Amino acid sequence: MGRCERSRSRSCLDPTLRCFGRILAVVSILGVVSAQSTNPVDLHVLHEMMYSMNFEYDWDSYYPDPCVSGPQGIVCEVDPVTNLYFVTQMQFGFISPIANLIPCSWNATIPTSIANLKRLDTLSFYNCFMNSTITIPKEISLLGPTLRLLSFSGNAGLTGAIPAGFGKLTRLQRLVLSQNRLQGSIPEDLSNLQRLIQLDFSHNNFSGSVPATFGAMSSIVNMDLRYNHLEGTLPASIIQGMPQLQRLAVSHNHLSGSLPDTFTGLSSLTFLDLSHNELTGPLPPSLGRLRNLEDLFLNSNPLDGNIPPSLGSMRSLVRLDLSSCLLSSIIPDSLKNLENLRFLSMSNNKLSGFIPASLASLPKIFTLNLDGNKLTGPVPFPPTFVKKMGRNMRLEGNPGLCFTPQQAAIKVPDQSLSRCAEVPALQTKAPKASSTAISPNTATCNRSSSRVPWSLMTLISIFLIWF
């Protein structure tokens with residue numbers, strides 16, 4: 001055991017804790033701690049929470065009543081009837097250097113007495129449980145009547161499953177469980193959270209399927225399930241019945257099956273990321289109905305078939321990534337209608353045919369990546385467009401594609417396209433001059449003889465007409 005763990009002395013604390021200790025000393029010296037006026041139950045829970053989060057300090061001495069004068073992250077409100085404080089917000093851990101929340105010790109825990117805070121509105125733990133392994137206490141599910149925000153973010157030591165009973169937190173508006181080591185399946189009864197606006201379970205080890213019951217969460221705006229081990233199909237109920245949903249991110253999972261051609265209920269959607277999954281089948285034409293969509297990422301899925309021309313109807317689109325799929329056929333000319341498009345990647349597919357020249361008319365295009373396809377013919381863009389795009393235009397890996405001499409003269413860096421073969425121009429041979437001089441009489445005879453066939457044919461025609 002190290003010296004710091006044996007002595008627990010002030011000099012052994014990390015810089016964050018030492019800085020926090022100085023703040024506590026100043027508060028104690030100035031004597032700003034007021035007489036107790038928090039209700040006894042909440043005061044007891046507050047001190048127990050503070051000692052459980054960080055045992056390095058004598059909280060009773062520094063903050064006899066944290067509601068009256070306490071650290072950042074502790075917020076209380078006065079009851080107008082009893083004139084006593086009740087705890088409404090508690091935040092612990094590290095967010096930024098300017099936020100002086102109570103820092104967490106290496107062995108921080110959450111006491112079960114937290115269930116006694118009957119008016120708690122916000123509960124957050126940021127980068128708190130790093131070295132010790134803990135689970136989410138089931139007592140948190142008893143805060144349902146008041147809790148509106150619950151967040152566990154960046155806690156490498158937070159494991160286990162989501163406790164049963166979280167579906168009872170019916171007043172919850174934001175549920176953030178991101179960047180932890182949580183596991184197990186996602187409870188279906190979370191669909192009872194009809195007031196939920198944000199659901200973020202990204203960067204965990206959740207498995208199983210995406211609950212089809214999530215389609216009933218009509219108030220949700222942001223759903224983030226990225227970087228887990230979810231499998232199965234994307235429920236049709238999600239893309240049909242969530243009219244308020246603006247952001248849907250389920251990338252880096254193991255979703256399979258085809259996308260349902262029912263993208264009709266996501267009228268508010270602006271961000272859709274289903275990349276890095278195992279989705280198969282064709283791109284559904286109903287994607288074109290997402291008229292407010294700005295970002296569409298379907299890359300790194302074994303999708304096949306063609307690119308539906310209906311994608312040209314998504315006029316709000318800013319970024320479109322269809323790379324590393326198995327898409328074939330041609331690039332639809334309808335993409336010229338994407339007037340807000342800045343990023344377009346269709347690399348590493350099986351696209352063939354000519355590149356539509358109309359892509360050069362996209363007014364805001366900044367990145368164009370068509371690497372690794374079977375495109376053929378001369379690059380149909382004017383030299384000014386090629387020069388403007390520079391290395392932001394990627395066309396390698398298309399053996400049948402070539403630059404015209406004018407484009408090749410620009411010498412775009414990192415472009416390895418061959419130069420189109422030049423077609424030789426047709427030359428008209430001039431008649432050879434005769435070495436024999438032609439007399440004026442001979443020329444006259446030649447002109448007369450050239451008129452004989454015409455005169456003969458005229459006489460024959462007149463004869464036939466007459467008779």
# chains A, B, ... in the order shown; residues from 1 in each chain; ligands from 1
$ select_by_dssp --residues "region 86-181 of chain A" --states "helix (DSSP H, G or I)" --output "ChimeraX atom specification"
/A:112-116,138-143,166-168
$ residues_around --residues "Thr38 (chain A)" --least-positions-apart "5" --cutoff "8 Å" --atoms "only C-alpha atoms" --output "list in words"
Leu43, Asp65, Cys67, Val68, Leu84, Tyr85 and Phe86 of chain A
$ residues_around --residues "region 188-191 of chain A" --least-positions-apart "5" --cutoff "9 Å" --atoms "only C-alpha atoms" --output "number ranges by chain"
A: 164-169, 196, 210-217
$ residues_around --residues "Thr146 (chain A)" --least-positions-apart "4" --cutoff "7 Å" --atoms "only C-alpha atoms" --output "VMD selection string"
chain A and resid 119 to 121 171
$ write_last_selection --atoms "all heavy atoms" --output "mmCIF file, in the first residue's frame"
data_model
loop_
_atom_site.group_PDB
_atom_site.id
_atom_site.type_symbol
_atom_site.label_atom_id
_atom_site.label_comp_id
_atom_site.auth_asym_id
_atom_site.auth_seq_id
_atom_site.Cartn_x
_atom_site.Cartn_y
_atom_site.Cartn_z
ATOM 1 N N ARG A 119 -37.839 15.409 -3.093
ATOM 2 C CA ARG A 119 -38.047 16.493 -4.061
ATOM 3 C C ARG A 119 -36.868 16.634 -5.027
ATOM 4 O O ARG A 119 -36.698 17.665 -5.655
ATOM 5 C CB ARG A 119 -38.293 17.816 -3.335
ATOM 6 C CG ARG A 119 -39.463 17.753 -2.366
ATOM 7 C CD ARG A 119 -39.862 19.110 -1.857
ATOM 8 N NE ARG A 119 -40.873 19.007 -0.811
ATOM 9 C CZ ARG A 119 -41.487 20.033 -0.244
ATOM 10 N NH1 ARG A 119 -41.154 21.277 -0.608
ATOM 11 N NH2 ARG A 119 -42.391 19.855 0.702
ATOM 12 N N LEU A 120 -36.087 15.585 -5.145
ATOM 13 C CA LEU A 120 -34.913 15.629 -6.015
ATOM 14 C C LEU A 120 -35.341 15.697 -7.479
ATOM 15 O O LEU A 120 -36.121 14.876 -7.953
ATOM 16 C CB LEU A 120 -34.036 14.396 -5.773
ATOM 17 C CG LEU A 120 -32.646 14.443 -6.408
ATOM 18 C CD1 LEU A 120 -31.816 15.584 -5.834
ATOM 19 C CD2 LEU A 120 -31.924 13.106 -6.223
ATOM 20 N N ASP A 121 -34.808 16.676 -8.175
ATOM 21 C CA ASP A 121 -35.166 16.946 -9.564
ATOM 22 C C ASP A 121 -34.065 16.504 -10.529
ATOM 23 O O ASP A 121 -34.331 16.030 -11.627
ATOM 24 C CB ASP A 121 -35.431 18.447 -9.724
ATOM 25 C CG ASP A 121 -35.645 18.866 -11.157
ATOM 26 O OD1 ASP A 121 -34.664 19.210 -11.840
ATOM 27 O OD2 ASP A 121 -36.805 18.849 -11.612
ATOM 28 N N ARG A 171 -41.673 10.929 -14.534
ATOM 29 C CA ARG A 171 -41.487 12.363 -14.769
ATOM 30 C C ARG A 171 -40.162 12.661 -15.464
ATOM 31 O O ARG A 171 -39.854 13.816 -15.771
ATOM 32 C CB ARG A 171 -41.565 13.136 -13.450
ATOM 33 C CG ARG A 171 -42.947 13.153 -12.819
ATOM 34 C CD ARG A 171 -42.960 14.014 -11.562
ATOM 35 N NE ARG A 171 -42.649 15.411 -11.846
ATOM 36 C CZ ARG A 171 -43.541 16.330 -12.202
ATOM 37 N NH1 ARG A 171 -44.822 15.977 -12.344
ATOM 38 N NH2 ARG A 171 -43.190 17.577 -12.432
#
$ residues_around --residues "region 100-103 of chain A" --least-positions-apart "6" --cutoff "9 Å" --atoms "only C-alpha atoms" --output "list in words"
Thr16, Leu17, Phe20, Met50, Met53, Asn54, Pro71, Gln72, Gly73, Ile74, Gln91, Phe92, Gly93, Phe94 and Cys128 of chain A
$ write_last_selection --atoms "N, CA, C and O atoms" --output "mmCIF file, in the first residue's frame"
data_model
loop_
_atom_site.group_PDB
_atom_site.id
_atom_site.type_symbol
_atom_site.label_atom_id
_atom_site.label_comp_id
_atom_site.auth_asym_id
_atom_site.auth_seq_id
_atom_site.Cartn_x
_atom_site.Cartn_y
_atom_site.Cartn_z
ATOM 1 N N THR A 16 -6.711 18.384 -8.221
ATOM 2 C CA THR A 16 -8.121 18.789 -8.152
ATOM 3 C C THR A 16 -8.601 18.830 -6.705
ATOM 4 O O THR A 16 -9.271 19.767 -6.263
ATOM 5 N N LEU A 17 -8.251 17.795 -5.947
ATOM 6 C CA LEU A 17 -8.686 17.745 -4.554
ATOM 7 C C LEU A 17 -7.995 18.818 -3.724
ATOM 8 O O LEU A 17 -8.594 19.410 -2.820
ATOM 9 N N PHE A 20 -9.716 22.052 -4.362
ATOM 10 C CA PHE A 20 -11.009 22.061 -3.701
ATOM 11 C C PHE A 20 -10.838 22.267 -2.206
ATOM 12 O O PHE A 20 -11.639 22.948 -1.548
ATOM 13 N N MET A 50 -22.196 13.241 0.490
ATOM 14 C CA MET A 50 -20.910 13.927 0.325
ATOM 15 C C MET A 50 -19.759 13.080 0.860
ATOM 16 O O MET A 50 -18.690 13.008 0.242
ATOM 17 N N MET A 53 -19.206 10.161 -1.607
ATOM 18 C CA MET A 53 -18.530 10.554 -2.825
ATOM 19 C C MET A 53 -17.052 10.860 -2.583
ATOM 20 O O MET A 53 -16.200 10.552 -3.414
ATOM 21 N N ASN A 54 -16.758 11.464 -1.430
ATOM 22 C CA ASN A 54 -15.372 11.851 -1.152
ATOM 23 C C ASN A 54 -15.152 11.867 0.358
ATOM 24 O O ASN A 54 -15.698 12.721 1.059
ATOM 25 N N PRO A 71 -21.159 23.697 -1.712
ATOM 26 C CA PRO A 71 -20.388 23.647 -2.950
ATOM 27 C C PRO A 71 -21.297 23.694 -4.178
ATOM 28 O O PRO A 71 -22.513 23.500 -4.086
ATOM 29 N N GLN A 72 -20.665 23.954 -5.315
ATOM 30 C CA GLN A 72 -21.417 23.909 -6.553
ATOM 31 C C GLN A 72 -21.947 22.497 -6.784
ATOM 32 O O GLN A 72 -21.333 21.509 -6.399
ATOM 33 N N GLY A 73 -23.063 22.429 -7.430
ATOM 34 C CA GLY A 73 -23.674 21.140 -7.714
ATOM 35 C C GLY A 73 -24.759 20.749 -6.735
ATOM 36 O O GLY A 73 -25.536 19.830 -7.010
ATOM 37 N N ILE A 74 -24.837 21.433 -5.588
ATOM 38 C CA ILE A 74 -25.897 21.187 -4.616
ATOM 39 C C ILE A 74 -26.867 22.364 -4.669
ATOM 40 O O ILE A 74 -26.490 23.502 -4.396
ATOM 41 N N GLN A 91 -25.088 17.183 -8.171
ATOM 42 C CA GLN A 91 -24.167 16.827 -9.247
ATOM 43 C C GLN A 91 -22.781 16.615 -8.655
ATOM 44 O O GLN A 91 -22.298 17.449 -7.887
ATOM 45 N N PHE A 92 -22.140 15.518 -9.048
ATOM 46 C CA PHE A 92 -20.826 15.162 -8.518
ATOM 47 C C PHE A 92 -19.880 14.815 -9.665
ATOM 48 O O PHE A 92 -20.304 14.408 -10.746
ATOM 49 N N GLY A 93 -18.584 14.972 -9.405
ATOM 50 C CA GLY A 93 -17.579 14.563 -10.365
ATOM 51 C C GLY A 93 -16.906 15.723 -11.063
ATOM 52 O O GLY A 93 -16.865 16.848 -10.561
ATOM 53 N N PHE A 94 -16.366 15.426 -12.236
ATOM 54 C CA PHE A 94 -15.589 16.418 -12.978
ATOM 55 C C PHE A 94 -16.214 16.643 -14.355
ATOM 56 O O PHE A 94 -16.382 15.718 -15.139
ATOM 57 N N CYS A 128 -17.003 9.875 -12.333
ATOM 58 C CA CYS A 128 -16.938 9.708 -10.882
ATOM 59 C C CYS A 128 -16.396 8.346 -10.472
ATOM 60 O O CYS A 128 -15.435 8.252 -9.716
#
$ residues_around --residues "region 147-160 of chain A" --least-positions-apart "4" --cutoff "7 Å" --atoms "only C-alpha atoms" --output "tab-separated table (two decimals) with N, CA, C and O atoms, in the first residue's frame"
chain	number	residue	atom	x	y	z
A	120	LEU	N	-36.09	15.58	-5.15
A	120	LEU	CA	-34.91	15.63	-6.01
A	120	LEU	C	-35.34	15.70	-7.48
A	120	LEU	O	-36.12	14.88	-7.95
A	121	ASP	N	-34.81	16.68	-8.18
A	121	ASP	CA	-35.17	16.95	-9.56
A	121	ASP	C	-34.07	16.50	-10.53
A	121	ASP	O	-34.33	16.03	-11.63
A	122	THR	N	-32.79	16.67	-10.10
A	122	THR	CA	-31.64	16.39	-10.97
A	122	THR	C	-30.60	15.61	-10.19
A	122	THR	O	-30.23	15.98	-9.07
A	123	LEU	N	-30.08	14.53	-10.81
A	123	LEU	CA	-29.04	13.71	-10.19
A	123	LEU	C	-28.04	13.32	-11.27
A	123	LEU	O	-28.39	12.66	-12.25
A	124	SER	N	-26.77	13.76	-11.10
A	124	SER	CA	-25.76	13.54	-12.13
A	124	SER	C	-24.43	13.12	-11.51
A	124	SER	O	-24.04	13.64	-10.46
A	125	PHE	N	-23.76	12.19	-12.21
A	125	PHE	CA	-22.43	11.72	-11.82
A	125	PHE	C	-21.55	11.74	-13.06
A	125	PHE	O	-21.77	10.96	-13.99
A	126	TYR	N	-20.53	12.61	-13.07
A	126	TYR	CA	-19.66	12.78	-14.23
A	126	TYR	C	-18.25	12.28	-13.88
A	126	TYR	O	-17.61	12.80	-12.98
A	127	ASN	N	-17.77	11.29	-14.64
A	127	ASN	CA	-16.40	10.78	-14.45
A	127	ASN	C	-16.10	10.53	-12.98
A	127	ASN	O	-15.05	10.91	-12.45
A	128	CYS	N	-17.00	9.88	-12.33
A	128	CYS	CA	-16.94	9.71	-10.88
A	128	CYS	C	-16.40	8.35	-10.47
A	128	CYS	O	-15.43	8.25	-9.72
A	129	PHE	N	-17.00	7.29	-10.97
A	129	PHE	CA	-16.65	5.94	-10.53
A	129	PHE	C	-15.65	5.37	-11.54
A	129	PHE	O	-16.02	4.73	-12.52
A	130	MET	N	-14.38	5.63	-11.29
A	130	MET	CA	-13.33	5.28	-12.24
A	130	MET	C	-12.55	4.04	-11.81
A	130	MET	O	-12.25	3.17	-12.63
A	131	ASN	N	-12.21	3.93	-10.56
A	131	ASN	CA	-11.38	2.83	-10.08
A	131	ASN	C	-12.17	1.76	-9.36
A	131	ASN	O	-11.81	0.59	-9.40
A	132	SER	N	-13.22	2.15	-8.69
A	132	SER	CA	-14.06	1.17	-8.00
A	132	SER	C	-15.18	0.70	-8.91
A	132	SER	O	-15.62	1.42	-9.81
A	133	THR	N	-15.62	-0.52	-8.72
A	133	THR	CA	-16.70	-1.10	-9.52
A	133	THR	C	-17.99	-1.04	-8.73
A	133	THR	O	-18.09	-1.62	-7.64
A	134	ILE	N	-18.99	-0.37	-9.27
A	134	ILE	CA	-20.28	-0.28	-8.60
A	134	ILE	C	-21.38	-0.47	-9.64
A	134	ILE	O	-21.14	-0.48	-10.85
A	135	THR	N	-22.59	-0.63	-9.15
A	135	THR	CA	-23.77	-0.71	-10.00
A	135	THR	C	-24.73	0.42	-9.65
A	135	THR	O	-24.59	1.06	-8.60
A	143	LEU	N	-37.35	7.47	-6.96
A	143	LEU	CA	-37.41	8.93	-7.11
A	143	LEU	C	-38.38	9.34	-8.22
A	143	LEU	O	-38.34	10.49	-8.66
A	169	LEU	N	-39.94	5.89	-13.36
A	169	LEU	CA	-39.50	7.29	-13.29
A	169	LEU	C	-40.27	8.10	-14.32
A	169	LEU	O	-39.72	8.65	-15.28
A	171	ARG	N	-41.67	10.93	-14.53
A	171	ARG	CA	-41.49	12.36	-14.77
A	171	ARG	C	-40.16	12.66	-15.46
A	171	ARG	O	-39.85	13.82	-15.77
A	172	LEU	N	-39.40	11.61	-15.73
A	172	LEU	CA	-38.07	11.77	-16.31
A	172	LEU	C	-38.16	12.36	-17.72
A	172	LEU	O	-38.93	11.91	-18.55
A	173	GLN	N	-37.32	13.37	-17.96
A	173	GLN	CA	-37.23	13.99	-19.28
A	173	GLN	C	-35.91	13.70	-19.97
A	173	GLN	O	-35.85	13.68	-21.20
A	174	ARG	N	-34.86	13.50	-19.18
A	174	ARG	CA	-33.54	13.20	-19.76
A	174	ARG	C	-32.93	12.03	-18.99
A	174	ARG	O	-32.73	12.10	-17.78
A	175	LEU	N	-32.60	10.98	-19.74
A	175	LEU	CA	-31.95	9.80	-19.17
A	175	LEU	C	-30.66	9.56	-19.95
A	175	LEU	O	-30.68	9.13	-21.10
A	176	VAL	N	-29.53	9.87	-19.32
A	176	VAL	CA	-28.22	9.78	-19.97
A	176	VAL	C	-27.38	8.76	-19.21
A	176	VAL	O	-27.00	8.98	-18.05
A	177	LEU	N	-27.07	7.64	-19.86
A	177	LEU	CA	-26.23	6.59	-19.29
A	177	LEU	C	-25.11	6.29	-20.28
A	177	LEU	O	-24.94	5.16	-20.74
A	178	SER	N	-24.32	7.28	-20.62
A	178	SER	CA	-23.33	7.14	-21.69
A	178	SER	C	-21.92	6.96	-21.15
A	178	SER	O	-21.60	7.42	-20.05
A	179	GLN	N	-21.09	6.25	-21.93
A	179	GLN	CA	-19.67	6.07	-21.65
A	179	GLN	C	-19.43	5.43	-20.29
A	179	GLN	O	-18.65	5.90	-19.48
A	180	ASN	N	-20.16	4.34	-20.05
A	180	ASN	CA	-19.96	3.53	-18.86
A	180	ASN	C	-19.63	2.10	-19.31
A	180	ASN	O	-19.22	1.89	-20.45
A	181	ARG	N	-19.83	1.15	-18.44
A	181	ARG	CA	-19.64	-0.27	-18.80
A	181	ARG	C	-20.90	-1.05	-18.46
A	181	ARG	O	-20.85	-2.22	-18.06
A	182	LEU	N	-22.05	-0.42	-18.65
A	182	LEU	CA	-23.32	-1.08	-18.38
A	182	LEU	C	-23.56	-2.18	-19.40
A	182	LEU	O	-23.10	-2.11	-20.54
A	183	GLN	N	-24.31	-3.18	-19.00
A	183	GLN	CA	-24.53	-4.33	-19.86
A	183	GLN	C	-25.95	-4.85	-19.68
A	183	GLN	O	-26.77	-4.24	-19.00
$ closest_residue --among "A:Val412, A:Met242, A:Leu401, A:Leu230" --to "Asn277 (chain A)" --atoms "only C-alpha atoms"
A:Leu230
$ closest_atom_pairs --of "region 237-278 of chain A" --to "region 288-293 of chain A" --cutoff "8 Å" --atoms "only C-alpha atoms" --output "CSV"
residue,atom,partner,partner_atom,distance
A:Phe263,CA,A:Arg289,CA,6.9
A:Thr264,CA,A:Arg289,CA,6.7
A:Leu266,CA,A:Leu290,CA,6.9
A:Ser267,CA,A:Leu290,CA,6.4
A:Ser268,CA,A:Asn292,CA,6.4
A:Leu269,CA,A:Leu293,CA,5.6
A:Thr270,CA,A:Leu293,CA,3.9
A:Phe271,CA,A:Leu293,CA,6.0
A:Leu272,CA,A:Leu293,CA,7.6
$ closest_atom_pairs --of "region 243-284 of chain A" --to "region 322-333 of chain A" --cutoff "9 Å" --atoms "only C-alpha atoms" --output "CSV"
residue,atom,partner,partner_atom,distance
A:Ser275,CA,A:Leu322,CA,8.8
A:Pro282,CA,A:Leu327,CA,8.2
A:Leu283,CA,A:Leu327,CA,8.9
$ atom_distance --atom1 "CA of Phe366 (chain A)" --atom2 "CA of Phe381 (chain A)"
14.4 Å
$ select_by_dssp --residues "region 18-253 of chain A" --states "strand (DSSP E or B)" --output "VMD selection string"
chain A and resid 38 72 74 to 78 85 to 93 101 to 102 122 to 126 134 to 135 149 to 153 158 to 159 174 to 176 183 to 185 198 to 200 205 to 209 222 to 224 229 to 232 247 to 249
